[in-house]
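Asks: I'd like to ask you about the structure that follows.
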Amino acid sequence: QRWHGDTPDCCDVRSVERLPDCDVLCAGFPCQTFSRAGLQLGVRDRKGQLFDETMRLLRTNPPPVVVLENVPRLLTLDNGAVHRHVSRSLATLGYLVHYRILNSAEYGAPQSRKRLFYVAVRPGHAFRWPEPVPSDKRRVLEDVLEPTSPKFIARPDITAGPPRYPSLSPASPPPRQSRPVQMGYLQDNRQGQRIYHARGTAPTLTCWTPVRVWSDQERVRITKPREMARLQGIPDELPVPSSEQAANSLFGNAVCVDVTREIFESLFLRKSEQF
């Protein structure tokens, strides 16, 4: 709405009778039922069945292009049955189906976020997966952290030097690298308790905790809502929630802008390069 002046129609997708005319349908049915962090019930779960609602709408008015996004686990869940269901459902409508796992850190975002993308096109519409950006063009956490007013939290339970990177220390920072560099952890080192160096990427954002950035063994830096938005490639011109909890939920469930931009440029702006 901020960019285009359109008022989004936020409603239950099951109540929509017909898909409006459009060039592209983008869908991201809930990932929790497919994720390793969830119960992995797949299409046996009510949320997982929302893919079939996507297909129901596609049958009413199929557009030239369909782009779907989900967690990589969908590929192998139930011995690949869920993936085959998605691919075959799109193929029955006449689409040529492309799929690939892409990591946002390889496409300019300072976050390691692997996601499975399906790009389904009509015969005659060329498509080639975008190439990763050169290593020297990739960004890391320190590129999006605000230089002023950082948020720190004092913690008495910080442990430095995880076994995964025993040679690193605060006194010898690692070189810039497009992967998360863990420097310590809180409590028992579970997801959400790990602390990362700013010269690596953020781990995959989740909806329940911000990123914890290494400072020292007495306090940890916490990413603020604007910094969380930048990790997903969202421009500074767009407003962000002031609440940390709301920001975690919004950006932890978002699709990375840097990756989708590359996909759409391959679909519509680089067609002459694909023949």
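Residue names in the structure tokens use chain letters A, B, ... in the order shown, residue numbers from 1 in each chain, and ligand numbers from 1 in the order shown.
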Could you go through stretch 109-268 of chain A and tell me which residues DSSP, when run on the backbone, assigns to strand (DSSP E or B), listing them as a VMD selection string?

Replies: chain A and resid 111 114 to 121 151 to 154 158 to 160 169 172 182 to 186 194 to 196 202 212 to 214 219 to 222

Asks: Please produce a file of those selected residues containing N, CA and C atoms, as a compact mmCIF listing (two decimals), in the first residue's frame.

Replies:
# COMPACT_ATOMS: atom_id res chain seq x y z
N GLN A 111 22.01 -12.56 5.74
CA GLN A 111 21.32 -13.57 6.53
C GLN A 111 21.41 -14.91 5.81
N LYS A 114 18.01 -20.48 3.99
CA LYS A 114 17.76 -21.41 2.89
C LYS A 114 16.26 -21.65 2.76
N ARG A 115 15.75 -21.44 1.55
CA ARG A 115 14.34 -21.65 1.30
C ARG A 115 14.15 -22.34 -0.05
N LEU A 116 13.12 -23.15 -0.11
CA LEU A 116 12.77 -23.86 -1.34
C LEU A 116 11.82 -23.00 -2.16
N PHE A 117 12.17 -22.76 -3.41
CA PHE A 117 11.32 -21.99 -4.31
C PHE A 117 10.85 -22.87 -5.47
N TYR A 118 9.57 -22.73 -5.79
CA TYR A 118 9.01 -23.31 -7.01
C TYR A 118 8.68 -22.15 -7.95
N VAL A 119 9.11 -22.25 -9.17
CA VAL A 119 8.73 -21.29 -10.20
C VAL A 119 8.07 -22.08 -11.32
N ALA A 120 6.78 -21.86 -11.51
CA ALA A 120 6.01 -22.58 -12.52
C ALA A 120 5.61 -21.61 -13.62
N VAL A 121 5.95 -21.95 -14.86
CA VAL A 121 5.70 -21.05 -15.99
C VAL A 121 4.96 -21.79 -17.10
N LYS A 151 21.52 -1.71 20.99
CA LYS A 151 20.80 -2.26 22.14
C LYS A 151 21.60 -3.41 22.73
N PHE A 152 21.99 -3.27 23.99
CA PHE A 152 22.74 -4.32 24.68
C PHE A 152 21.93 -4.85 25.85
N ILE A 153 22.13 -6.11 26.15
CA ILE A 153 21.53 -6.73 27.33
C ILE A 153 22.64 -7.43 28.11
N ALA A 154 22.75 -7.11 29.39
CA ALA A 154 23.74 -7.77 30.24
C ALA A 154 23.25 -9.18 30.57
N ILE A 158 26.76 -15.96 29.61
CA ILE A 158 27.37 -16.04 28.28
C ILE A 158 28.57 -16.98 28.32
N THR A 159 28.57 -17.93 27.42
CA THR A 159 29.71 -18.85 27.27
C THR A 159 30.37 -18.56 25.93
N ALA A 160 31.67 -18.34 25.92
CA ALA A 160 32.40 -18.04 24.69
C ALA A 160 33.04 -19.30 24.13
N SER A 169 38.32 -15.97 18.67
CA SER A 169 38.23 -15.27 19.95
C SER A 169 37.87 -13.82 19.67
N SER A 172 40.64 -11.85 18.05
CA SER A 172 41.04 -12.16 16.67
C SER A 172 39.79 -12.39 15.84
N GLN A 182 29.48 -18.34 14.80
CA GLN A 182 29.06 -18.36 16.19
C GLN A 182 30.25 -18.11 17.11
N MET A 183 30.06 -17.17 18.06
CA MET A 183 31.12 -16.81 18.99
C MET A 183 30.83 -17.22 20.43
N GLY A 184 29.60 -17.56 20.71
CA GLY A 184 29.24 -17.93 22.06
C GLY A 184 27.79 -18.34 22.12
N TYR A 185 27.30 -18.57 23.33
CA TYR A 185 25.91 -18.99 23.48
C TYR A 185 25.45 -18.71 24.91
N LEU A 186 24.12 -18.73 25.06
CA LEU A 186 23.49 -18.60 26.36
C LEU A 186 22.92 -19.96 26.77
N ARG A 194 22.16 -18.72 20.56
CA ARG A 194 23.51 -18.60 20.05
C ARG A 194 23.85 -17.15 19.72
N ILE A 195 25.13 -16.82 19.89
CA ILE A 195 25.61 -15.45 19.69
C ILE A 195 26.58 -15.45 18.52
N TYR A 196 26.42 -14.48 17.60
CA TYR A 196 27.16 -14.50 16.34
C TYR A 196 28.03 -13.26 16.18
N ALA A 202 23.84 -13.19 9.63
CA ALA A 202 22.89 -13.61 10.66
C ALA A 202 22.45 -15.04 10.36
N ARG A 212 21.28 -12.37 18.17
CA ARG A 212 22.18 -11.99 19.26
C ARG A 212 23.59 -11.83 18.67
N VAL A 213 24.16 -10.65 18.83
CA VAL A 213 25.45 -10.32 18.22
C VAL A 213 26.50 -10.21 19.32
N TRP A 214 27.67 -10.81 19.06
CA TRP A 214 28.73 -10.84 20.06
C TRP A 214 29.23 -9.45 20.41
N ARG A 219 27.92 -8.94 28.12
CA ARG A 219 26.69 -8.44 27.51
C ARG A 219 26.62 -8.88 26.05
N VAL A 220 25.40 -8.86 25.52
CA VAL A 220 25.18 -9.28 24.14
C VAL A 220 24.35 -8.19 23.45
N ARG A 221 24.67 -7.95 22.19
CA ARG A 221 23.90 -6.97 21.40
C ARG A 221 22.69 -7.66 20.78
N ILE A 222 21.56 -6.97 20.80
CA ILE A 222 20.30 -7.51 20.26
C ILE A 222 19.90 -6.68 19.05

Asks: Which neighbours of A:Pro123 fall inside 9 Å, counting only C-alpha atoms, when residues of the same chain fewer than 6 positions from it are skipped, and could you give them as a PyMOL selection string?

Replies: chain A and resi 94-96

Asks: Run DSSP on the backbone and grab whatever in stretch 14-192 of chain A lands in alpha helix (DSSP H); send it over as a PyMOL selection string.

Replies: chain A and resi 50-60+81-92

Asks: Store the residues picked out above, limited to N, CA and C atoms, as an mmCIF file, in the first residue's frame.

Replies:
data_model
loop_
_atom_site.group_PDB
_atom_site.id
_atom_site.type_symbol
_atom_site.label_atom_id
_atom_site.label_comp_id
_atom_site.auth_asym_id
_atom_site.auth_seq_id
_atom_site.Cartn_x
_atom_site.Cartn_y
_atom_site.Cartn_z
ATOM 1 N N LEU A 50 -3.390 -25.902 3.102
ATOM 2 C CA LEU A 50 -3.641 -24.632 2.419
ATOM 3 C C LEU A 50 -3.005 -24.597 1.033
ATOM 4 N N PHE A 51 -2.035 -25.483 0.764
ATOM 5 C CA PHE A 51 -1.531 -25.566 -0.609
ATOM 6 C C PHE A 51 -2.651 -25.938 -1.562
ATOM 7 N N ASP A 52 -3.540 -26.823 -1.135
ATOM 8 C CA ASP A 52 -4.642 -27.227 -1.999
ATOM 9 C C ASP A 52 -5.606 -26.069 -2.263
ATOM 10 N N GLU A 53 -5.683 -25.119 -1.317
ATOM 11 C CA GLU A 53 -6.469 -23.919 -1.573
ATOM 12 C C GLU A 53 -5.804 -23.073 -2.659
ATOM 13 N N THR A 54 -4.478 -23.044 -2.660
ATOM 14 C CA THR A 54 -3.759 -22.350 -3.733
ATOM 15 C C THR A 54 -4.091 -22.976 -5.074
ATOM 16 N N MET A 55 -4.083 -24.300 -5.127
ATOM 17 C CA MET A 55 -4.405 -24.988 -6.382
ATOM 18 C C MET A 55 -5.856 -24.754 -6.789
ATOM 19 N N ARG A 56 -6.753 -24.728 -5.832
ATOM 20 C CA ARG A 56 -8.171 -24.471 -6.159
ATOM 21 C C ARG A 56 -8.317 -23.119 -6.841
ATOM 22 N N LEU A 57 -7.630 -22.101 -6.313
ATOM 23 C CA LEU A 57 -7.707 -20.778 -6.926
ATOM 24 C C LEU A 57 -7.049 -20.759 -8.299
ATOM 25 N N LEU A 58 -5.930 -21.458 -8.439
ATOM 26 C CA LEU A 58 -5.254 -21.497 -9.734
ATOM 27 C C LEU A 58 -6.146 -22.087 -10.814
ATOM 28 N N ARG A 59 -6.925 -23.069 -10.461
ATOM 29 C CA ARG A 59 -7.808 -23.691 -11.462
ATOM 30 C C ARG A 59 -8.900 -22.741 -11.926
ATOM 31 N N THR A 60 -9.255 -21.731 -11.117
ATOM 32 C CA THR A 60 -10.315 -20.803 -11.520
ATOM 33 C C THR A 60 -9.824 -19.793 -12.553
ATOM 34 N N ALA A 81 6.951 -37.252 -0.844
ATOM 35 C CA ALA A 81 5.561 -37.279 -1.291
ATOM 36 C C ALA A 81 4.958 -35.877 -1.391
ATOM 37 N N VAL A 82 5.303 -34.996 -0.452
ATOM 38 C CA VAL A 82 4.752 -33.640 -0.474
ATOM 39 C C VAL A 82 5.273 -32.881 -1.688
ATOM 40 N N HIS A 83 6.571 -33.004 -1.941
ATOM 41 C CA HIS A 83 7.157 -32.352 -3.118
ATOM 42 C C HIS A 83 6.516 -32.855 -4.407
ATOM 43 N N ARG A 84 6.325 -34.149 -4.511
ATOM 44 C CA ARG A 84 5.697 -34.694 -5.722
ATOM 45 C C ARG A 84 4.271 -34.187 -5.865
ATOM 46 N N HIS A 85 3.575 -34.045 -4.761
ATOM 47 C CA HIS A 85 2.202 -33.532 -4.805
ATOM 48 C C HIS A 85 2.184 -32.102 -5.340
ATOM 49 N N VAL A 86 3.111 -31.261 -4.858
ATOM 50 C CA VAL A 86 3.179 -29.877 -5.322
ATOM 51 C C VAL A 86 3.526 -29.829 -6.806
ATOM 52 N N SER A 87 4.563 -30.562 -7.209
ATOM 53 C CA SER A 87 5.020 -30.522 -8.606
ATOM 54 C C SER A 87 3.957 -31.051 -9.566
ATOM 55 N N ARG A 88 3.356 -32.181 -9.217
ATOM 56 C CA ARG A 88 2.362 -32.781 -10.109
ATOM 57 C C ARG A 88 1.096 -31.934 -10.192
ATOM 58 N N SER A 89 0.715 -31.325 -9.078
ATOM 59 C CA SER A 89 -0.481 -30.472 -9.099
ATOM 60 C C SER A 89 -0.297 -29.304 -10.060
ATOM 61 N N LEU A 90 0.880 -28.693 -10.040
ATOM 62 C CA LEU A 90 1.149 -27.587 -10.962
ATOM 63 C C LEU A 90 1.255 -28.076 -12.402
ATOM 64 N N ALA A 91 1.865 -29.232 -12.593
ATOM 65 C CA ALA A 91 2.030 -29.777 -13.950
ATOM 66 C C ALA A 91 0.686 -30.115 -14.581
ATOM 67 N N THR A 92 -0.277 -30.561 -13.774
ATOM 68 C CA THR A 92 -1.591 -30.904 -14.337
ATOM 69 C C THR A 92 -2.307 -29.684 -14.904
#

Asks: Out of A:Leu75, A:Leu19, A:Ile101, A:Leu93, which residue has the shortest atom-to-atom distance to A:Asn61 when counting only C-alpha atoms?

Replies: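 Nearest candidate to A:Asn61 out of A:Leu75, A:Leu19, A:Ile101, A:Leu93: A:Leu19.
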
Asks: What does the distance from atom CA of A:Val13 to atom CA of A:Pro62 come to in Å, to one decimal?

Replies: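 Calculated distance between atom CA of A:Val13 and atom CA of A:Pro62 is 15.9 Å.
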
Asks: Which residue, A:Pro210, A:Gln187, A:Glu218, A:Ala109, has the smallest gap to A:Arg261 when you use only C-alpha atoms?

Replies: A:Ala109

Asks: Near A:Ile263, counting only C-alpha atoms, which residues have an atom at most 9 Å away, once you skip same-chain residues fewer than 2 positions from it, shown as a short mmCIF file (atom, residue, chain, number, x, y, z; two decimals) with N, CA, C and O atoms, in the first residue's frame?

Replies:
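Wrote part39.cif, looks like this:
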data_model
loop_
_atom_site.label_atom_id
_atom_site.label_comp_id
_atom_site.auth_asym_id
_atom_site.auth_seq_id
_atom_site.Cartn_x
_atom_site.Cartn_y
_atom_site.Cartn_z
N VAL A 119 9.11 -22.25 -9.17
CA VAL A 119 8.73 -21.29 -10.20
C VAL A 119 8.07 -22.08 -11.32
O VAL A 119 8.70 -22.91 -11.97
N ARG A 128 15.44 -19.05 -16.09
CA ARG A 128 16.69 -19.63 -15.62
C ARG A 128 16.97 -19.10 -14.23
O ARG A 128 16.81 -17.91 -13.97
N TRP A 129 17.38 -19.97 -13.34
CA TRP A 129 17.64 -19.55 -11.98
C TRP A 129 18.74 -18.48 -11.94
O TRP A 129 19.72 -18.58 -12.68
N PRO A 130 18.57 -17.46 -11.11
CA PRO A 130 19.60 -16.40 -11.03
C PRO A 130 20.90 -16.93 -10.45
O PRO A 130 20.90 -17.84 -9.62
N ASP A 258 15.83 -9.76 -1.30
CA ASP A 258 16.96 -9.89 -2.22
C ASP A 258 16.82 -11.11 -3.13
O ASP A 258 17.13 -11.04 -4.32
N VAL A 259 16.34 -12.21 -2.59
CA VAL A 259 16.18 -13.43 -3.38
C VAL A 259 15.02 -13.28 -4.37
O VAL A 259 15.15 -13.61 -5.56
N THR A 260 13.88 -12.79 -3.89
CA THR A 260 12.73 -12.67 -4.78
C THR A 260 13.00 -11.66 -5.90
O THR A 260 12.53 -11.83 -7.03
N ARG A 261 13.77 -10.61 -5.59
CA ARG A 261 14.11 -9.65 -6.64
C ARG A 261 14.89 -10.34 -7.77
O ARG A 261 14.60 -10.13 -8.96
N GLU A 265 13.62 -10.73 -11.61
CA GLU A 265 14.41 -10.18 -12.71
C GLU A 265 14.71 -11.27 -13.74
O GLU A 265 14.71 -11.01 -14.95
N SER A 266 14.95 -12.49 -13.28
CA SER A 266 15.18 -13.59 -14.22
C SER A 266 13.91 -13.91 -15.00
O SER A 266 13.97 -14.30 -16.16
N LEU A 267 12.77 -13.76 -14.36
CA LEU A 267 11.50 -14.06 -15.03
C LEU A 267 11.13 -13.02 -16.08
O LEU A 267 10.61 -13.37 -17.15
N PHE A 268 11.39 -11.74 -15.79
CA PHE A 268 10.82 -10.69 -16.64
C PHE A 268 11.84 -9.72 -17.23
O PHE A 268 11.55 -9.08 -18.25
#

Asks: Tell me, as a list in words, which residues lie within 12 Å of stretch 240-244 of chain A, counting only C-alpha atoms; anything in the same chain fewer than 5 positions away does not count.

Replies: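 The contact residues come out as Lys151, Cys207, Trp208, Thr209, Pro210, Val211, Ile222, Thr223, Lys224, Pro225, Arg226, Glu227, Met228, Ala229, Arg230, Ile234, Pro235, Ser249, Leu250, Phe251 and Gly252 of chain A.
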
Asks: Could you write out that same residue set with N, CA, C and O atoms as a PDB file, in the first residue's frame?

Replies:
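Output contents, as saved in result.pdb:
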ATOM      1  N   LYS A 151      21.515  -1.710  20.986  1.00  0.00           N
ATOM      2  CA  LYS A 151      20.799  -2.261  22.138  1.00  0.00           C
ATOM      3  C   LYS A 151      21.604  -3.411  22.728  1.00  0.00           C
ATOM      4  O   LYS A 151      21.877  -4.400  22.050  1.00  0.00           O
ATOM      5  N   CYS A 207      10.590 -16.279  14.266  1.00  0.00           N
ATOM      6  CA  CYS A 207       9.534 -15.374  14.726  1.00  0.00           C
ATOM      7  C   CYS A 207       9.516 -15.214  16.242  1.00  0.00           C
ATOM      8  O   CYS A 207       8.647 -14.524  16.771  1.00  0.00           O
ATOM      9  N   TRP A 208      10.470 -15.843  16.950  1.00  0.00           N
ATOM     10  CA  TRP A 208      10.400 -15.751  18.407  1.00  0.00           C
ATOM     11  C   TRP A 208      11.606 -15.070  19.063  1.00  0.00           C
ATOM     12  O   TRP A 208      11.580 -14.822  20.267  1.00  0.00           O
ATOM     13  N   THR A 209      12.650 -14.741  18.325  1.00  0.00           N
ATOM     14  CA  THR A 209      13.789 -14.090  18.970  1.00  0.00           C
ATOM     15  C   THR A 209      14.568 -13.259  17.961  1.00  0.00           C
ATOM     16  O   THR A 209      14.642 -13.616  16.780  1.00  0.00           O
ATOM     17  N   PRO A 210      15.152 -12.117  18.396  1.00  0.00           N
ATOM     18  CA  PRO A 210      16.033 -11.361  17.509  1.00  0.00           C
ATOM     19  C   PRO A 210      17.379 -12.068  17.387  1.00  0.00           C
ATOM     20  O   PRO A 210      17.613 -13.112  18.004  1.00  0.00           O
ATOM     21  N   VAL A 211      18.277 -11.492  16.592  1.00  0.00           N
ATOM     22  CA  VAL A 211      19.626 -12.039  16.454  1.00  0.00           C
ATOM     23  C   VAL A 211      20.481 -11.505  17.602  1.00  0.00           C
ATOM     24  O   VAL A 211      20.424 -10.317  17.936  1.00  0.00           O
ATOM     25  N   ILE A 222      21.556  -6.973  20.800  1.00  0.00           N
ATOM     26  CA  ILE A 222      20.302  -7.506  20.261  1.00  0.00           C
ATOM     27  C   ILE A 222      19.899  -6.677  19.046  1.00  0.00           C
ATOM     28  O   ILE A 222      19.900  -5.444  19.110  1.00  0.00           O
ATOM     29  N   THR A 223      19.573  -7.325  17.932  1.00  0.00           N
ATOM     30  CA  THR A 223      19.141  -6.580  16.750  1.00  0.00           C
ATOM     31  C   THR A 223      17.802  -5.899  17.007  1.00  0.00           C
ATOM     32  O   THR A 223      16.887  -6.470  17.593  1.00  0.00           O
ATOM     33  N   LYS A 224      17.717  -4.655  16.538  1.00  0.00           N
ATOM     34  CA  LYS A 224      16.499  -3.861  16.683  1.00  0.00           C
ATOM     35  C   LYS A 224      15.605  -4.078  15.460  1.00  0.00           C
ATOM     36  O   LYS A 224      16.042  -4.629  14.447  1.00  0.00           O
ATOM     37  N   PRO A 225      14.314  -3.665  15.527  1.00  0.00           N
ATOM     38  CA  PRO A 225      13.392  -3.914  14.412  1.00  0.00           C
ATOM     39  C   PRO A 225      13.908  -3.438  13.055  1.00  0.00           C
ATOM     40  O   PRO A 225      13.777  -4.147  12.060  1.00  0.00           O
ATOM     41  N   ARG A 226      14.514  -2.245  12.982  1.00  0.00           N
ATOM     42  CA  ARG A 226      15.019  -1.765  11.689  1.00  0.00           C
ATOM     43  C   ARG A 226      16.137  -2.652  11.173  1.00  0.00           C
ATOM     44  O   ARG A 226      16.230  -2.942   9.973  1.00  0.00           O
ATOM     45  N   GLU A 227      16.996  -3.117  12.056  1.00  0.00           N
ATOM     46  CA  GLU A 227      18.081  -4.006  11.647  1.00  0.00           C
ATOM     47  C   GLU A 227      17.533  -5.350  11.187  1.00  0.00           C
ATOM     48  O   GLU A 227      18.040  -5.947  10.226  1.00  0.00           O
ATOM     49  N   MET A 228      16.484  -5.842  11.836  1.00  0.00           N
ATOM     50  CA  MET A 228      15.838  -7.089  11.414  1.00  0.00           C
ATOM     51  C   MET A 228      15.272  -6.942  10.001  1.00  0.00           C
ATOM     52  O   MET A 228      15.392  -7.833   9.167  1.00  0.00           O
ATOM     53  N   ALA A 229      14.665  -5.783   9.728  1.00  0.00           N
ATOM     54  CA  ALA A 229      14.113  -5.539   8.388  1.00  0.00           C
ATOM     55  C   ALA A 229      15.221  -5.564   7.335  1.00  0.00           C
ATOM     56  O   ALA A 229      15.054  -6.128   6.250  1.00  0.00           O
ATOM     57  N   ARG A 230      16.364  -4.961   7.648  1.00  0.00           N
ATOM     58  CA  ARG A 230      17.475  -4.941   6.694  1.00  0.00           C
ATOM     59  C   ARG A 230      18.005  -6.342   6.422  1.00  0.00           C
ATOM     60  O   ARG A 230      18.459  -6.631   5.309  1.00  0.00           O
ATOM     61  N   ILE A 234      14.525  -5.483   3.355  1.00  0.00           N
ATOM     62  CA  ILE A 234      13.410  -4.535   3.298  1.00  0.00           C
ATOM     63  C   ILE A 234      13.964  -3.109   3.371  1.00  0.00           C
ATOM     64  O   ILE A 234      14.739  -2.783   4.274  1.00  0.00           O
ATOM     65  N   PRO A 235      13.589  -2.241   2.422  1.00  0.00           N
ATOM     66  CA  PRO A 235      14.164  -0.887   2.361  1.00  0.00           C
ATOM     67  C   PRO A 235      13.850  -0.062   3.608  1.00  0.00           C
ATOM     68  O   PRO A 235      12.805  -0.235   4.247  1.00  0.00           O
ATOM     69  N   SER A 249       7.967 -11.448  14.789  1.00  0.00           N
ATOM     70  CA  SER A 249       6.926 -12.213  14.099  1.00  0.00           C
ATOM     71  C   SER A 249       6.861 -11.849  12.621  1.00  0.00           C
ATOM     72  O   SER A 249       6.761 -12.723  11.761  1.00  0.00           O
ATOM     73  N   LEU A 250       6.937 -10.539  12.325  1.00  0.00           N
ATOM     74  CA  LEU A 250       6.824 -10.075  10.943  1.00  0.00           C
ATOM     75  C   LEU A 250       8.017 -10.523  10.101  1.00  0.00           C
ATOM     76  O   LEU A 250       7.858 -11.141   9.043  1.00  0.00           O
ATOM     77  N   PHE A 251       9.225 -10.249  10.573  1.00  0.00           N
ATOM     78  CA  PHE A 251      10.411 -10.501   9.758  1.00  0.00           C
ATOM     79  C   PHE A 251      10.841 -11.967   9.818  1.00  0.00           C
ATOM     80  O   PHE A 251      11.457 -12.466   8.883  1.00  0.00           O
ATOM     81  N   GLY A 252      10.508 -12.653  10.890  1.00  0.00           N
ATOM     82  CA  GLY A 252      10.808 -14.080  10.949  1.00  0.00           C
ATOM     83  C   GLY A 252       9.976 -14.898   9.985  1.00  0.00           C
ATOM     84  O   GLY A 252      10.374 -15.990   9.576  1.00  0.00           O
TER      85      GLY A 252
END

Asks: Residues within 9 Å of A:Ala105, please, as a CSV table (one decimal) with C-alpha atoms, in the first residue's frame. Count only C-alpha atoms; anything in the same chain fewer than 3 positions from it doesn't count.

Replies:
chain,number,residue,atom,x,y,z
A,102,LEU,CA,18.3,-20.8,-2.5
A,108,GLY,CA,23.1,-10.1,-1.2
A,109,ALA,CA,21.2,-10.5,2.1
A,110,PRO,CA,23.3,-10.6,5.3
A,111,GLN,CA,21.3,-13.6,6.5
A,112,SER,CA,21.8,-17.3,5.9
A,113,ARG,CA,18.2,-18.3,5.0
A,114,LYS,CA,17.8,-21.4,2.9
A,132,PRO,CA,24.6,-16.0,-6.9
A,138,ARG,CA,27.9,-10.2,-0.3
A,139,ARG,CA,27.0,-8.5,2.9
A,140,VAL,CA,27.4,-9.4,6.5
A,178,SER,CA,28.8,-15.2,4.0
A,179,ARG,CA,27.8,-17.7,6.7
A,201,THR,CA,25.9,-13.3,8.4
A,202,ALA,CA,22.9,-13.6,10.7
A,259,VAL,CA,16.2,-13.4,-3.4
